[in-house]
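With mmCIF, C-alpha atoms inside, this is coords_18.cif:
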data_upload
loop_
_atom_site.label_atom_id
_atom_site.label_comp_id
_atom_site.auth_asym_id
_atom_site.auth_seq_id
_atom_site.Cartn_x
_atom_site.Cartn_y
_atom_site.Cartn_z
CA MET M 302 0.00 0.00 0.00
CA GLU M 303 2.74 2.42 1.06
CA THR M 304 4.70 1.94 -2.17
CA ALA M 305 1.56 2.12 -4.27
CA LYS M 306 0.78 5.47 -2.69
CA ALA M 307 4.32 6.69 -3.28
CA ILE M 308 3.98 5.91 -6.99
CA ASP M 309 0.50 7.38 -7.12
CA LYS M 310 1.47 10.84 -5.97
CA PRO M 311 3.69 11.88 -8.92
CA LYS M 312 1.13 10.28 -11.25
CA ARG M 313 -1.65 12.36 -9.73
CA GLN M 314 0.47 15.50 -10.02
CA THR M 315 1.17 14.80 -13.69
CA ALA M 316 -2.53 14.17 -14.30
CA SER M 317 -3.37 17.49 -12.62
CA LEU M 318 -0.83 19.37 -14.76
CA LEU M 319 -2.16 17.76 -17.94
CA GLN M 320 -5.73 18.63 -16.96
CA GLY M 321 -4.67 22.24 -16.38
CA LEU M 322 -3.05 22.32 -19.82
CA ALA M 323 -6.15 20.83 -21.50
CA PHE M 324 -8.53 23.30 -19.80
CA GLY M 325 -6.17 26.12 -20.77
CA ILE M 326 -6.11 25.09 -24.44
CA LEU M 327 -9.92 25.07 -24.57
CA PHE M 328 -10.16 28.37 -22.64
CA GLY M 329 -7.59 30.04 -24.91
CA PHE M 330 -9.36 28.73 -28.01
CA LEU M 331 -12.67 30.18 -26.82
CA LEU M 332 -11.15 33.54 -25.81
CA GLN M 333 -9.55 33.92 -29.25
CA LYS M 334 -12.76 32.97 -31.08
CA GLY M 335 -14.61 35.53 -28.98
CA GLY M 336 -12.15 38.31 -29.87
CA ALA M 337 -11.15 38.71 -26.22
CA THR M 338 -7.44 38.34 -27.03
CA LYS M 339 -7.55 41.70 -28.84
CA TYR M 340 -6.65 45.08 -27.35
CA ASP M 341 -9.21 46.83 -29.56
CA VAL M 342 -12.07 44.66 -28.26
CA ILE M 343 -11.11 45.06 -24.59
CA VAL M 344 -10.51 48.82 -24.78
CA GLY M 345 -13.72 49.11 -26.84
CA GLN M 346 -15.54 47.56 -23.87
CA LEU M 347 -13.99 50.02 -21.41
CA LEU M 348 -14.86 52.93 -23.74
CA LEU M 349 -18.40 51.48 -23.88
CA THR M 350 -18.38 51.16 -27.68
CA ASP M 351 -18.07 47.35 -27.97
CA PHE M 352 -19.89 45.10 -25.48
CA THR M 353 -18.27 41.80 -26.53
CA VAL M 354 -16.32 41.30 -23.29
CA VAL M 355 -19.31 41.90 -21.00
CA LYS M 356 -21.49 39.61 -23.17
CA ILE M 357 -18.91 36.81 -22.91
CA MET M 358 -18.46 37.26 -19.17
CA LEU M 359 -22.15 37.51 -18.30
CA SER M 360 -23.13 34.49 -20.40
CA ALA M 361 -20.24 32.50 -18.85
CA VAL M 362 -21.38 33.50 -15.34
CA LEU M 363 -25.03 32.67 -16.16
CA THR M 364 -24.20 29.22 -17.59
CA GLY M 365 -21.53 28.45 -15.02
CA MET M 366 -23.61 29.53 -12.02
CA ILE M 367 -26.64 27.39 -12.87
CA GLY M 368 -24.50 24.29 -13.53
CA ILE M 369 -22.23 24.71 -10.52
CA TYR M 370 -25.12 25.30 -8.09
CA ALA M 371 -27.04 22.33 -9.58
CA MET M 372 -23.98 20.10 -9.13
CA LYS M 373 -23.41 21.50 -5.63
CA GLY M 374 -27.02 20.55 -4.79
CA MET M 375 -26.29 16.99 -5.88
CA GLY M 376 -23.11 16.93 -3.82
CA TRP M 377 -20.86 16.57 -6.89
CA VAL M 378 -18.80 19.73 -6.42
CA GLU M 379 -17.85 22.13 -3.64
CA LEU M 380 -17.37 25.88 -3.87
CA TYR M 381 -14.11 27.80 -3.44
CA PRO M 382 -15.18 31.41 -2.73
CA LYS M 383 -12.16 33.65 -2.09
CA PRO M 384 -11.98 35.49 1.23
CA GLY M 385 -12.25 39.24 0.80
CA SER M 386 -12.29 42.65 2.44
CA ALA M 387 -13.21 46.16 1.40
CA GLY M 388 -9.53 47.19 1.46
CA LYS M 389 -8.56 44.25 -0.70
CA ASN M 390 -11.32 44.05 -3.30
CA ILE M 391 -12.30 47.71 -3.77
CA ILE M 392 -8.80 49.26 -3.82
CA GLY M 393 -7.20 46.27 -5.59
CA GLY M 394 -10.07 46.20 -8.07
CA LEU M 395 -9.66 49.89 -8.95
CA ILE M 396 -5.86 49.56 -9.36
CA PHE M 397 -6.41 46.48 -11.53
CA GLY M 398 -9.00 48.37 -13.58
CA SER M 399 -6.65 51.26 -14.36
CA GLY M 400 -3.98 48.80 -15.46
CA PHE M 401 -6.59 46.92 -17.51
CA ALA M 402 -7.34 50.12 -19.48
CA LEU M 403 -3.70 51.09 -20.04
CA LEU M 404 -2.50 47.61 -20.99
CA GLY M 405 -5.69 46.55 -22.79
CA TYR M 406 -5.35 42.93 -21.72
CA CYS M 407 -5.94 41.08 -18.44
CA PRO M 408 -3.88 38.19 -17.02
CA GLY M 409 -5.88 35.54 -18.92
CA THR M 410 -6.38 37.40 -22.18
CA ILE M 411 -2.73 38.49 -22.33
CA ALA M 412 -1.78 34.80 -22.53
CA GLY M 413 -4.25 34.62 -25.43
CA ALA M 414 -2.75 37.78 -26.96
CA VAL M 415 0.69 36.12 -26.85
CA GLY M 416 -0.74 33.16 -28.77
CA ASN M 417 -2.30 35.60 -31.24
CA GLY M 418 1.12 37.14 -31.98
CA TYR M 419 0.62 40.53 -30.32
CA LEU M 420 4.06 41.93 -29.58
CA ASP M 421 2.93 44.74 -27.24
CA ALA M 422 1.63 41.95 -24.96
CA ILE M 423 4.77 39.84 -25.29
CA VAL M 424 7.37 42.60 -24.92
CA GLY M 425 5.69 45.21 -22.69
CA GLY M 426 2.70 43.66 -20.95
CA LEU M 427 4.11 40.37 -19.69
CA ALA M 428 7.18 42.05 -18.20
CA GLY M 429 4.95 44.66 -16.53
CA ILE M 430 2.65 42.08 -14.92
CA LEU M 431 5.64 40.14 -13.56
CA ILE M 432 7.18 43.34 -12.15
CA GLY M 433 3.85 44.44 -10.61
CA ALA M 434 3.30 41.03 -8.98
CA GLY M 435 6.89 41.10 -7.66
CA ILE M 436 6.41 44.57 -6.15
CA PHE M 437 3.26 43.32 -4.39
CA ALA M 438 5.10 40.28 -2.97
CA GLU M 439 7.75 42.68 -1.63
CA LEU M 440 5.15 44.94 0.03
CA TYR M 441 2.86 42.12 1.21
CA PRO M 442 4.22 41.78 4.78
CA GLY M 443 3.38 45.45 5.45
CA LEU M 444 0.00 45.35 3.71
CA ARG M 445 -1.52 42.13 4.97
CA ARG M 446 -2.36 43.28 8.50
CA GLY M 447 -3.06 46.86 7.44
CA ILE M 448 -5.13 47.90 4.46
CA LEU M 449 -5.77 44.36 3.16
CA ALA M 450 -7.50 43.45 6.44
CA LYS M 451 -9.74 46.58 6.52
CA GLY M 452 -13.43 45.67 6.32
CA ASP M 453 -12.80 41.91 6.27
CA PHE M 454 -15.86 39.78 5.44
CA GLY M 455 -14.27 36.38 4.85
CA ASP M 456 -15.03 33.79 2.17
CA ILE M 457 -18.75 34.44 2.10
CA THR M 458 -21.17 33.92 -0.80
CA LEU M 459 -24.33 35.95 -1.47
CA PRO M 460 -26.73 33.17 -0.35
CA ARG M 461 -24.81 32.81 2.92
CA LEU M 462 -24.64 36.57 3.44
CA LEU M 463 -28.40 36.88 2.94
CA LYS M 464 -29.01 33.63 4.91
CA VAL M 465 -31.27 32.20 2.21
CA ASN M 466 -31.46 29.07 0.06
CA ASP M 467 -28.93 29.07 -2.84
CA TRP M 468 -31.67 29.16 -5.46
CA ALA M 469 -33.26 32.24 -3.89
CA VAL M 470 -30.17 34.08 -5.19
CA VAL M 471 -29.30 31.99 -8.26
CA VAL M 472 -32.72 32.42 -9.90
CA PRO M 473 -32.96 36.24 -9.53
CA VAL M 474 -29.30 36.74 -10.55
CA ALA M 475 -29.83 34.47 -13.59
CA ALA M 476 -32.97 36.43 -14.54
CA LEU M 477 -31.17 39.75 -14.05
CA ILE M 478 -28.25 38.68 -16.31
CA PHE M 479 -30.63 37.26 -18.92
CA PHE M 480 -32.69 40.44 -19.14
CA LEU M 481 -29.57 42.62 -19.11
CA LEU M 482 -28.22 40.68 -22.12
CA LEU M 483 -31.60 40.85 -23.84
CA TRP M 484 -31.73 44.61 -23.24
CA MET M 485 -28.20 45.02 -24.66
CA GLU M 486 -29.25 43.23 -27.86
CA ARG M 487 -32.45 45.29 -28.13
CA ALA M 488 -30.46 48.49 -27.60
CA GLY M 489 -28.06 47.41 -30.37
CA LEU M 490 -25.02 47.37 -28.04
CA MET E 811 -15.83 21.95 -39.52
CA GLU E 812 -16.39 25.45 -40.89
CA TYR E 813 -16.89 26.90 -37.43
CA LEU E 814 -13.31 25.98 -36.44
CA THR E 815 -11.95 28.21 -39.20
CA ALA E 816 -14.34 31.10 -38.53
CA ALA E 817 -12.54 34.22 -37.28
CA ARG E 818 -15.21 35.09 -34.73
CA TRP E 819 -17.92 33.26 -32.82
CA SER E 820 -20.94 34.84 -31.18
CA PRO E 821 -19.95 36.13 -27.71
CA TYR E 822 -22.83 34.07 -26.31
CA ALA E 823 -21.47 30.82 -27.81
CA VAL E 824 -18.06 31.66 -26.31
CA GLY E 825 -19.54 32.59 -22.92
CA ILE E 826 -21.67 29.45 -22.73
CA GLY E 827 -18.59 27.43 -23.72
CA ILE E 828 -16.56 29.01 -20.92
CA GLY E 829 -19.43 28.35 -18.48
CA ILE E 830 -19.48 24.66 -19.44
CA LEU E 831 -15.68 24.55 -19.19
CA SER E 832 -15.98 25.80 -15.62
CA TRP E 833 -18.41 22.96 -14.78
CA MET E 834 -15.76 20.54 -16.01
CA SER E 835 -12.91 22.17 -14.10
CA PHE E 836 -14.90 22.06 -10.83
CA LEU E 837 -15.93 18.46 -11.49
CA ILE E 838 -12.69 16.99 -12.83
CA SER E 839 -9.88 19.11 -11.36
CA ARG E 840 -11.76 20.47 -8.31
CA LYS E 841 -10.47 23.95 -9.14
CA PRO E 842 -11.97 27.15 -10.54
CA ILE E 843 -10.44 28.62 -13.71
CA ALA E 844 -8.13 31.50 -12.74
CA CYS E 845 -4.92 33.04 -14.10
CA SER E 846 -3.25 35.80 -12.14
CA THR E 847 -1.57 33.80 -9.33
CA THR E 848 0.55 32.20 -12.06
CA PHE E 849 2.16 35.56 -12.82
CA ALA E 850 3.05 36.05 -9.14
CA LYS E 851 4.61 32.58 -9.03
CA THR E 852 6.52 33.17 -12.24
CA SER E 853 7.76 36.51 -10.92
CA GLY E 854 9.03 34.75 -7.78
CA MET E 855 10.64 31.96 -9.83
CA ILE E 856 12.54 34.51 -11.93
CA GLU E 857 13.64 36.36 -8.79
CA LYS E 858 14.80 33.03 -7.36
CA LEU E 859 17.09 32.51 -10.38
CA PHE E 860 18.99 35.64 -9.34
CA ARG E 861 18.65 35.69 -5.56
CA GLY E 862 18.49 31.99 -4.70
CA LYS E 863 16.44 30.00 -2.26
CA LYS E 864 15.81 32.83 0.21
CA VAL E 865 13.08 34.08 -2.16
CA ASP E 866 10.98 31.06 -1.09
CA LEU E 867 10.96 32.50 2.42
CA LYS E 868 9.16 35.72 1.49
CA PRO E 869 5.77 35.69 3.24
CA TYR E 870 3.87 35.98 -0.05
CA TYR E 871 5.65 32.95 -1.52
CA GLN E 872 4.99 31.01 1.66
CA LYS E 873 1.32 31.61 0.87
CA GLU E 874 1.70 30.96 -2.89
CA LYS E 875 4.39 28.29 -3.26
CA LEU E 876 6.86 28.76 -6.11
CA ALA E 877 6.10 25.71 -8.24
CA VAL E 878 4.53 24.85 -11.57
CA ASP E 879 0.97 23.76 -10.80
CA TRP E 880 -2.45 23.19 -12.44
CA GLN E 881 -3.10 26.90 -12.98
CA TRP E 882 0.40 27.52 -14.34
CA MET E 883 -0.24 24.89 -17.01
CA LEU E 884 -3.67 26.42 -17.67
CA VAL E 885 -2.00 29.73 -18.59
CA VAL E 886 0.44 27.90 -20.90
CA GLY E 887 -2.60 26.18 -22.41
CA ILE E 888 -4.29 29.53 -23.12
CA VAL E 889 -1.30 30.57 -25.26
CA ILE E 890 -1.51 27.29 -27.21
CA GLY E 891 -5.31 27.34 -27.55
CA SER E 892 -5.35 30.93 -28.77
CA PHE E 893 -2.54 30.17 -31.25
CA ILE E 894 -4.46 27.15 -32.64
CA SER E 895 -7.66 29.18 -32.99
CA ALA E 896 -5.85 32.12 -34.63
CA ARG E 897 -3.97 29.88 -37.08
CA LEU E 898 -7.12 27.96 -38.06
CA SER E 899 -8.89 31.18 -39.02
CA GLY E 900 -5.86 32.97 -40.46
CA ASP E 901 -6.20 35.59 -37.71
CA PHE E 902 -2.65 35.09 -36.38
CA ASN E 903 -0.39 38.09 -37.02
CA TRP E 904 2.71 39.62 -35.47
CA GLN E 905 1.47 43.05 -34.48
CA TRP E 906 3.23 45.76 -32.44
CA VAL E 907 0.52 48.41 -32.22
CA PRO E 908 -3.24 47.73 -32.04
CA SER E 909 -5.36 49.94 -34.30
CA VAL E 910 -7.39 51.73 -31.59
CA TRP E 911 -4.13 52.75 -29.89
CA ALA E 912 -2.60 53.78 -33.24
CA SER E 913 -5.56 56.01 -34.12
CA ALA E 914 -5.04 57.98 -30.89
CA PHE E 915 -1.28 57.83 -30.28
CA GLY E 916 0.25 56.96 -33.67
CA GLU E 917 1.94 53.91 -35.15
CA GLY E 918 5.18 54.14 -33.16
CA PRO E 919 5.80 50.98 -31.14
CA ALA E 920 7.94 52.63 -28.42
CA LEU E 921 5.11 54.59 -26.76
CA ARG E 922 2.79 51.59 -26.95
CA ILE E 923 5.38 49.32 -25.30
CA VAL E 924 5.97 51.82 -22.48
CA ALA E 925 2.19 52.09 -21.90
CA ALA E 926 1.82 48.28 -21.95
CA LEU E 927 4.66 47.95 -19.46
CA ALA E 928 3.17 50.58 -17.12
CA GLY E 929 -0.33 49.12 -17.50
CA GLY E 930 1.07 45.65 -16.85
CA ILE E 931 2.71 46.81 -13.60
CA LEU E 932 -0.61 48.28 -12.36
CA LEU E 933 -2.51 45.18 -13.51
CA GLY E 934 -0.10 42.68 -11.93
CA PHE E 935 0.03 44.69 -8.70
CA GLY E 936 -3.75 45.21 -8.59
CA ALA E 937 -4.49 41.55 -9.31
CA ARG E 938 -2.45 40.50 -6.28
CA TRP E 939 -3.97 43.25 -4.13
CA ALA E 940 -7.51 42.15 -5.06
CA ASP E 941 -6.46 38.47 -4.91
CA GLY E 942 -7.79 37.67 -8.37
CA CYS E 943 -8.39 38.86 -11.92
CA THR E 944 -11.06 39.00 -14.60
CA SER E 945 -11.15 35.19 -14.77
CA GLY E 946 -10.64 34.20 -11.11
CA HIS E 947 -12.97 36.87 -9.71
CA GLY E 948 -14.85 38.10 -12.80
CA ILE E 949 -15.96 34.70 -14.07
CA SER E 950 -15.17 31.86 -11.62
CA GLY E 951 -15.81 33.82 -8.42
CA ALA E 952 -18.87 35.61 -9.76
CA LEU E 953 -20.49 32.34 -10.87
CA GLN E 954 -20.03 31.00 -7.33
CA LEU E 955 -21.74 34.19 -6.10
CA ALA E 956 -18.70 35.03 -3.95
CA VAL E 957 -19.08 38.48 -2.37
CA SER E 958 -15.34 39.22 -2.81
CA SER E 959 -15.60 38.47 -6.53
CA TRP E 960 -18.70 40.58 -7.27
CA ILE E 961 -17.09 43.57 -5.50
CA SER E 962 -13.79 43.02 -7.34
CA GLY E 963 -15.40 42.43 -10.73
CA ILE E 964 -17.48 45.62 -10.47
CA CYS E 965 -14.39 47.62 -9.36
CA PHE E 966 -12.32 46.20 -12.27
CA PHE E 967 -14.83 47.74 -14.67
CA ILE E 968 -15.36 51.00 -12.74
CA GLY E 969 -11.58 51.55 -12.64
CA GLY E 970 -11.17 50.41 -16.25
CA ILE E 971 -13.98 52.55 -17.66
CA ILE E 972 -12.74 55.68 -15.84
CA ALA E 973 -9.09 55.10 -16.85
CA ALA E 974 -9.99 54.34 -20.49
CA HIS E 975 -12.01 57.56 -20.72
CA ILE E 976 -9.14 59.56 -19.18
CA ILE E 977 -6.68 58.01 -21.66
CA PHE E 978 -8.78 58.33 -24.81
CA LYS E 979 -11.04 61.34 -24.14
CA ILE E 980 -9.00 63.64 -21.91
CA ILE E 981 -5.32 62.98 -22.73
CA VAL E 982 -5.89 62.67 -26.50
#
Would you encode the structure as structure tokens?
Amino acid sequence: METAKAIDKPKRQTASLLQGLAFGILFGFLLQKGGATKYDVIVGQLLLTDFTVVKIMLSAVLTGMIGIYAMKGMGWVELYPKPGSAGKNIIGGLIFGSGFALLGYCPGTIAGAVGNGYLDAIVGGLAGILIGAGIFAELYPGLRRGILAKGDFGDITLPRLLKVNDWAVVVPVAALIFFLLLWMERAGL
Amino acid sequence: MEYLTAARWSPYAVGIGIGILSWMSFLISRKPIACSTTFAKTSGMIEKLFRGKKVDLKPYYQKEKLAVDWQWMLVVGIVIGSFISARLSGDFNWQWVPSVWASAFGEGPALRIVAALAGGILLGFGARWADGCTSGHGISGALQLAVSSWISGICFFIGGIIAAHIIFKIIV
């Protein structure tokens, strides 16, 4: 048993890495087909002239949410909500957003932009993201008990926050997204 | 197989595809699709090449271990998947300056590279501060109805919309 386990572990790790690669290939393929690997599409979204990115994200959230909560109900999957705080998510989100506009790619779509041949992503953007992440790691010991802990609310989900059944949130959020997308199409966005 | 060589798919087909992909990643790998931690790990791995093993001891890399993992391979996969899609449709091209940027700031690559570098620094820093990005918070976290992810996702777009309008409507 002991030796079988010892052999199993590297095998499981390899399987996990190969699964990651396979999911990435499919994700990258979809992002490219959607146009989300392009600076013009992403900046068009932020300038509110091209709603492709929001349409992709909202339909992914709608589809994903219904499936994940259905599978959670059957006990097939568990959730992994990230812990958060006002200091973390609001300030970090706004810093991220300003970088998103200047770079015109995000961490996932820049990998897609690299695959698409975009040299501003390869030469400028990748280096910048690595430098920015490194600066954060350097400052992290000072930040973690200060601003990052301000307004801490933990790894809570909306149904748990509101103390209601999952579907009492899933159904209204699904309806809201659906009608928002329908409205966008009607408005010609 | 015409749809494989099409340059663009409907955003709804792509979004539904990504939603179904997230079902699979929860079910098979027990992980949500996310990207930005990989850049922090890679940054630490590069630093380790120059400064040695003491980099592992930094508190942030105690939290996010410096090793190639599932998500790291996912990001590599995105590059490959996007390349395959772009080649199939003939959409692959080596391009220095995107056209929306060029129409506002000209065709010169130097300014665009400096902006991409500066934007990348803010993006990489902000993604670690918020503990996630457009995929980890914006899609995977939002579909789990995580409070942290809805707040982050909304702030990504508030910050992005304001900054894009400053760049393209006020500066230009």
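Using only C-alpha atoms for every distance, the candidate list M:Ser386, M:Asn466, M:Thr410, M:Ser399 yields M:Ser386 as the residue closest to Arg445 in chain M.
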Using only C-alpha atoms, which of E:Trp960, E:Gly970, E:Trp904, E:Lys979 sits nearest Ala422 in chain M?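 Nearest candidate to Ala422 in chain M out of E:Trp960, E:Gly970, E:Trp904, E:Lys979: E:Trp904.
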Pick out the residues sitting within 10 Å of Pro382 in chain M, and hand them over as an mmCIF file with C-alpha atoms, in the frame of the given file; count all atoms listed in the file, and ignore anything fewer than 4 positions along from it in its own chain.
data_model
loop_
_atom_site.group_PDB
_atom_site.id
_atom_site.type_symbol
_atom_site.label_atom_id
_atom_site.label_comp_id
_atom_site.auth_asym_id
_atom_site.auth_seq_id
_atom_site.Cartn_x
_atom_site.Cartn_y
_atom_site.Cartn_z
ATOM 1 C CA GLY M 455 -14.270 36.380 4.850
ATOM 2 C CA ASP M 456 -15.030 33.790 2.170
ATOM 3 C CA ILE M 457 -18.750 34.440 2.100
ATOM 4 C CA THR M 458 -21.170 33.920 -0.800
ATOM 5 C CA PRO E 842 -11.970 27.150 -10.540
ATOM 6 C CA GLY E 946 -10.640 34.200 -11.110
ATOM 7 C CA HIS E 947 -12.970 36.870 -9.710
ATOM 8 C CA SER E 950 -15.170 31.860 -11.620
ATOM 9 C CA GLY E 951 -15.810 33.820 -8.420
ATOM 10 C CA ALA E 952 -18.870 35.610 -9.760
ATOM 11 C CA LEU E 953 -20.490 32.340 -10.870
ATOM 12 C CA GLN E 954 -20.030 31.000 -7.330
ATOM 13 C CA LEU E 955 -21.740 34.190 -6.100
ATOM 14 C CA ALA E 956 -18.700 35.030 -3.950
ATOM 15 C CA VAL E 957 -19.080 38.480 -2.370
ATOM 16 C CA SER E 958 -15.340 39.220 -2.810
ATOM 17 C CA SER E 959 -15.600 38.470 -6.530
#
Nearest-residue call for chain E, choices M:Val472, M:Met485, M:Leu477, M:Leu404, using all atoms listed in the file: M:Leu404
Could you check how far CA of Ile357 in chain M sits from CA of Gly825 in chain E, in Å to one decimal?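 Rounded to one decimal, the two atoms are 4.3 Å apart.
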What do you get, as a list in words, if you spell out every residue that the PyMOL selection byres ((chain E and resi 860-874) around 8) selects here? Ala438, Glu439, Tyr441 and Pro442 of chain M; Thr847, Lys851, Gly854, Ile856, Glu857, Lys858, Leu859, Lys875 and Leu876 of chain E
The PyMOL selection byres ((chain E and resi 935-937) around 6) - which residues does that actually catch in the file I just gave you? List them as an MDAnalysis selection string. (chainID M and resid 393 396:397 433:434 437) or (chainID E and resid 931:934 938:943)
Just the residues within 9 Å of range 358-360 of chain M, please, counting all atoms listed in the file, with nothing from its chain fewer than 5 positions along; format it as an mmCIF file with C-alpha atoms, in the coordinates of the input.
data_model
loop_
_atom_site.group_PDB
_atom_site.id
_atom_site.type_symbol
_atom_site.label_atom_id
_atom_site.label_comp_id
_atom_site.auth_asym_id
_atom_site.auth_seq_id
_atom_site.Cartn_x
_atom_site.Cartn_y
_atom_site.Cartn_z
ATOM 1 C CA THR M 353 -18.270 41.800 -26.530
ATOM 2 C CA GLY M 365 -21.530 28.450 -15.020
ATOM 3 C CA ILE M 478 -28.250 38.680 -16.310
ATOM 4 C CA PHE M 479 -30.630 37.260 -18.920
ATOM 5 C CA LEU M 482 -28.220 40.680 -22.120
ATOM 6 C CA PRO E 821 -19.950 36.130 -27.710
ATOM 7 C CA TYR E 822 -22.830 34.070 -26.310
ATOM 8 C CA ALA E 823 -21.470 30.820 -27.810
ATOM 9 C CA VAL E 824 -18.060 31.660 -26.310
ATOM 10 C CA GLY E 825 -19.540 32.590 -22.920
ATOM 11 C CA ILE E 826 -21.670 29.450 -22.730
ATOM 12 C CA ILE E 828 -16.560 29.010 -20.920
ATOM 13 C CA GLY E 829 -19.430 28.350 -18.480
ATOM 14 C CA THR E 944 -11.060 39.000 -14.600
ATOM 15 C CA SER E 945 -11.150 35.190 -14.770
ATOM 16 C CA GLY E 948 -14.850 38.100 -12.800
ATOM 17 C CA ILE E 949 -15.960 34.700 -14.070
#
Hey, what comes out of the PyMOL selection byres ((chain M and resi 377) around 12) on this file? Could you write it as number ranges by chain? M: 368-376, 378-380; E: 833-834, 836-838, 840
For Trp819 in chain E, which residue out of E:Ser913, E:Ser895, E:Asn903, E:Thr848 is the nearest one, using all atoms listed in the file?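 Among E:Ser913, E:Ser895, E:Asn903, E:Thr848, it is E:Ser895 that comes nearest to Trp819 in chain E.
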So which one's closest to chain M, E:Ile964, E:Asp901, E:Pro919, E:Leu884? Using all atoms listed in the file, please.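 Checking each of E:Ile964, E:Asp901, E:Pro919, E:Leu884 against chain M, counting all atoms listed in the file, the winner is E:Leu884.
Nearest residue to Ile972 in chain E among M:Val362, M:Val470, M:Leu440, M:Leu395 is M:Leu395, counting only C-alpha atoms.
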Interatomic distance between CA of Ile890 in chain E and CA of Tyr813 in chain E?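 Taking CA of Ile890 in chain E as the start and CA of Tyr813 in chain E as the end point, the length is 18.5 Å.
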